[in-house]
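Scroll down for the structure; my scribbles are underneath it.
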Amino acid sequence: MSFLKAESIQILAIKEFRLFVLARFFLTLAIQMQFATISLQIYYEYTKEELALGMIGLAEAIPFIIASFFSGHLADLLPRKRIILTAIFFLFSGALVLYFNSEPVFSFLKSLGMFALFAIVFIFGIIRSFLASTMHPYMSQIVPRSMYTHSATWNSTVWHIGSILGPVLAGIIYAMNHQFNANICHALEVILFAFAFVFIAFIGNKGVPGNKDAKESVVDSMKVGLRFVFKNKMVLSALSLDLFAVLFGGAVALIPAFTDKILHLGPEAYGLLRTAPAVGAVIMALIMVVRPPSKKAGIALLWSVAAFGLFTILFAISTNYWIAFVCLACTGAFDNVSVIVRHTILQLSTPDNMRGRVSAINSVFIGSSNEIGAFESGATAKLFGLVPSIILGGVLTIATVLGVNKLNPKLKKLDLTKL
């Protein structure tokens, strides 16, 4: 416990990091609640189709990928705090639009049906690409290098706590009194985005991150970032593992359909089940606060992704609500190991004046693959059935671990203390 006091808790003595963590929490809570609500609206109010749930992910992934290259360029060129505040302001404005759209008194977009929701998701994909390119690099400007592993652990912890509470609140409020209450959900999101904005605003300005040439084109700028990633085998291996794990193991996107068609339960049950991966992730994060995966990070990374695939398969074949909950919690726990290892590798290996571009590439690998994985899950569920599609994802995840291990056998020896 002395290690916990001296190292893991010490980082919270940094005022600006505390403000960043609070902003991260409220921002995550708002975003997770927002997308859970939109998923519930589209599934229960419009379609009752798995493919529609997958299309939500695709509607965000396409603009996210396209905008990420430009956002990474700007994140190494402009003050990152300014980019984050601008992005949160647009998310705040979008939440207002969602509120008015779902409020029966207004509903000025109601005639467009679910297409209005997809349009908003598309716009949010662009906005969130800027957040993805700047949040982790900005955090690296706030904390000293010696605390990067602990900052990644705390950042992951608060992200997952927000991920737990967001869908739970959305599920409970949405199904309250046997009515659809999307307007209340979106009103709360407006308030949460406002809190996130205020906490980031109180962090001191960190200035422009490096001496990057302002005349450098976006294409040339991103080529530099891509070359860095593809020449660093450890970075590439970590990104590849996470990429294919979230791409193939996108069971989370199908939880509304799984809750309805396999477990035969309603939206309120969805909220709790949707948070199961985050519950597991928080438990694992608390373990890693005390015992961070530093010296044996490579072995931990490979085994955790394999376990993620295994518990995805077990979730698919479960017919009991609490067994399904435990399986999903385990996927979140093991996924969090790979998340923390990956972010630590990126923080330790990347020069500060390249963090924005590398973070953008990481976002394309990981952030967009969540949404594309959601589409893949929805499409395969449409073609092969709900349960077989989830099983297939778990099998392919385990196959990816075997492939990466064969292509880069040195990954097993990865020691974060030597980077």
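Labels for the structure tokens follow display order: chains A, B, ..., residues from 1 in each chain, ligands from 1.
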8 Å contact set for A:Gly298, only C-alpha atoms, chain neighbours under 3 positions out, as an MDAnalysis selection string: chainID A and resid 301:302 411:415
List as a Markdown table every residue of stretch 204-308 of chain A that is in contact with stretch 24-32 of chain A, defined as an atom at most 12 Å from one of its atoms (using only C-alpha atoms), together with the nearest atom pair and the distance in Å rounded to one decimal, sorted by chain and then rising number.
| residue | atom | partner | partner_atom | distance |
| --- | --- | --- | --- | --- |
| A:Gly271 | CA | A:Gln32 | CA | 10.9 |
| A:Arg274 | CA | A:Gln32 | CA | 10.2 |
| A:Thr275 | CA | A:Gln32 | CA | 9.8 |
| A:Ala278 | CA | A:Gln32 | CA | 11.1 |
Selected residue, from A:Met176, A:Ile283, A:Ile345, A:Ile14, that lies nearest to A:Pro144 when counting only C-alpha atoms: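 Going through A:Met176, A:Ile283, A:Ile345, A:Ile14 one by one, the smallest distance to A:Pro144 is for A:Ile14.
Nearest-residue note for A:Ala316: choosing from A:Pro388, A:Ala379, A:Ser349, A:Val246, the minimum distance belongs to A:Pro388, counting only C-alpha atoms.
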Residue nearest A:Ser338 among A:Asn408, A:Thr86, A:Ser304, A:Ser156 (counting only C-alpha atoms):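 Selected residue with least distance to A:Ser338: A:Ser304.
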Counting only C-alpha atoms, the residue of A:Trp154, A:Ala201, A:Gln347, A:Val235 that sits nearest A:Pro292: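 Checking each of A:Trp154, A:Ala201, A:Gln347, A:Val235 against A:Pro292, counting only C-alpha atoms, the winner is A:Trp154.
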Non-local contacts of A:Ile120 (9 Å; only C-alpha atoms; under 4 positions in same chain excluded) as a PyMOL selection string: chain A and resi 94+97-98+115-116+124-125
Store the residues picked out above in a file with C-alpha atoms, as a tab-separated table (two decimals), in the first residue's frame.
chain	number	residue	atom	x	y	z
A	94	GLY	CA	-25.66	19.25	-30.25
A	97	VAL	CA	-30.59	20.12	-30.50
A	98	LEU	CA	-31.27	16.55	-29.35
A	115	PHE	CA	-32.56	10.19	-40.03
A	116	ALA	CA	-32.27	13.30	-37.88
A	124	PHE	CA	-20.64	14.27	-33.59
A	125	GLY	CA	-18.20	11.90	-35.31
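Contact shell of A:Gly378 at 10 Å (only C-alpha atoms; same-chain neighbours under 3 positions omitted): Glu49, Glu50, Leu51, Ala52, Leu53, Gly54, Met55, Ile56, Gly57, Gly250, Ala251, Ala253, Leu254, Ala257, Ile372, Gly373, Ala374, Phe375, Ala381, Lys382, Leu383, Gly385, Leu386, Ser389 and Ile390 of chain A.
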With C-alpha atoms retained, write the just-selected residues as a PDB file, in the first residue's frame.
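Output (out-v9.pdb):
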ATOM      1  CA  GLU A  49     -33.471  -4.123 -36.026  1.00  0.00           C
ATOM      2  CA  GLU A  50     -29.866  -5.126 -35.154  1.00  0.00           C
ATOM      3  CA  LEU A  51     -28.558  -3.658 -38.417  1.00  0.00           C
ATOM      4  CA  ALA A  52     -29.847  -0.213 -37.436  1.00  0.00           C
ATOM      5  CA  LEU A  53     -27.760  -0.407 -34.255  1.00  0.00           C
ATOM      6  CA  GLY A  54     -24.709  -1.202 -36.373  1.00  0.00           C
ATOM      7  CA  MET A  55     -25.464   1.709 -38.675  1.00  0.00           C
ATOM      8  CA  ILE A  56     -25.177   4.104 -35.725  1.00  0.00           C
ATOM      9  CA  GLY A  57     -21.535   3.103 -35.399  1.00  0.00           C
ATOM     10  CA  GLY A 250     -18.247  -5.513 -30.941  1.00  0.00           C
ATOM     11  CA  ALA A 251     -20.848  -7.304 -28.838  1.00  0.00           C
ATOM     12  CA  ALA A 253     -23.408  -2.625 -29.928  1.00  0.00           C
ATOM     13  CA  LEU A 254     -25.822  -5.551 -29.981  1.00  0.00           C
ATOM     14  CA  ALA A 257     -31.109  -6.601 -29.333  1.00  0.00           C
ATOM     15  CA  ILE A 372     -16.961   0.017 -37.484  1.00  0.00           C
ATOM     16  CA  GLY A 373     -17.016  -2.993 -35.165  1.00  0.00           C
ATOM     17  CA  ALA A 374     -20.557  -2.035 -34.210  1.00  0.00           C
ATOM     18  CA  PHE A 375     -21.503  -1.994 -37.889  1.00  0.00           C
ATOM     19  CA  ALA A 381     -26.069 -10.481 -36.942  1.00  0.00           C
ATOM     20  CA  LYS A 382     -28.350  -9.710 -39.876  1.00  0.00           C
ATOM     21  CA  LEU A 383     -26.650 -12.334 -42.051  1.00  0.00           C
ATOM     22  CA  GLY A 385     -28.001 -14.441 -36.549  1.00  0.00           C
ATOM     23  CA  LEU A 386     -27.391 -12.604 -33.307  1.00  0.00           C
ATOM     24  CA  SER A 389     -22.180 -13.185 -35.027  1.00  0.00           C
ATOM     25  CA  ILE A 390     -20.943 -12.569 -31.452  1.00  0.00           C
TER      26      ILE A 390
END
Helix (DSSP H, G or I) per DSSP on the backbone: members of stretch 120-274 of chain A, as a VMD selection string: chain A and resid 120 to 142 145 to 174 176 to 178 182 to 201 218 to 231 233 to 248 251 to 261 267 to 274
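The smallest atom-to-atom distance between A:Arg82 and any of A:Phe228, A:Phe69, A:Tyr43, A:Phe197, using only C-alpha atoms, is found for A:Phe197.
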Of the listed residues A:Phe64, A:Tyr270, A:Phe100, A:Tyr44, that which approaches A:Ile184 most closely, counting only C-alpha atoms: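 Result for the nearest residue to A:Ile184: A:Phe100.
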Atom-to-atom span, atom CA of A:Pro267 and atom CA of A:Leu117, Å: 18.5 Å
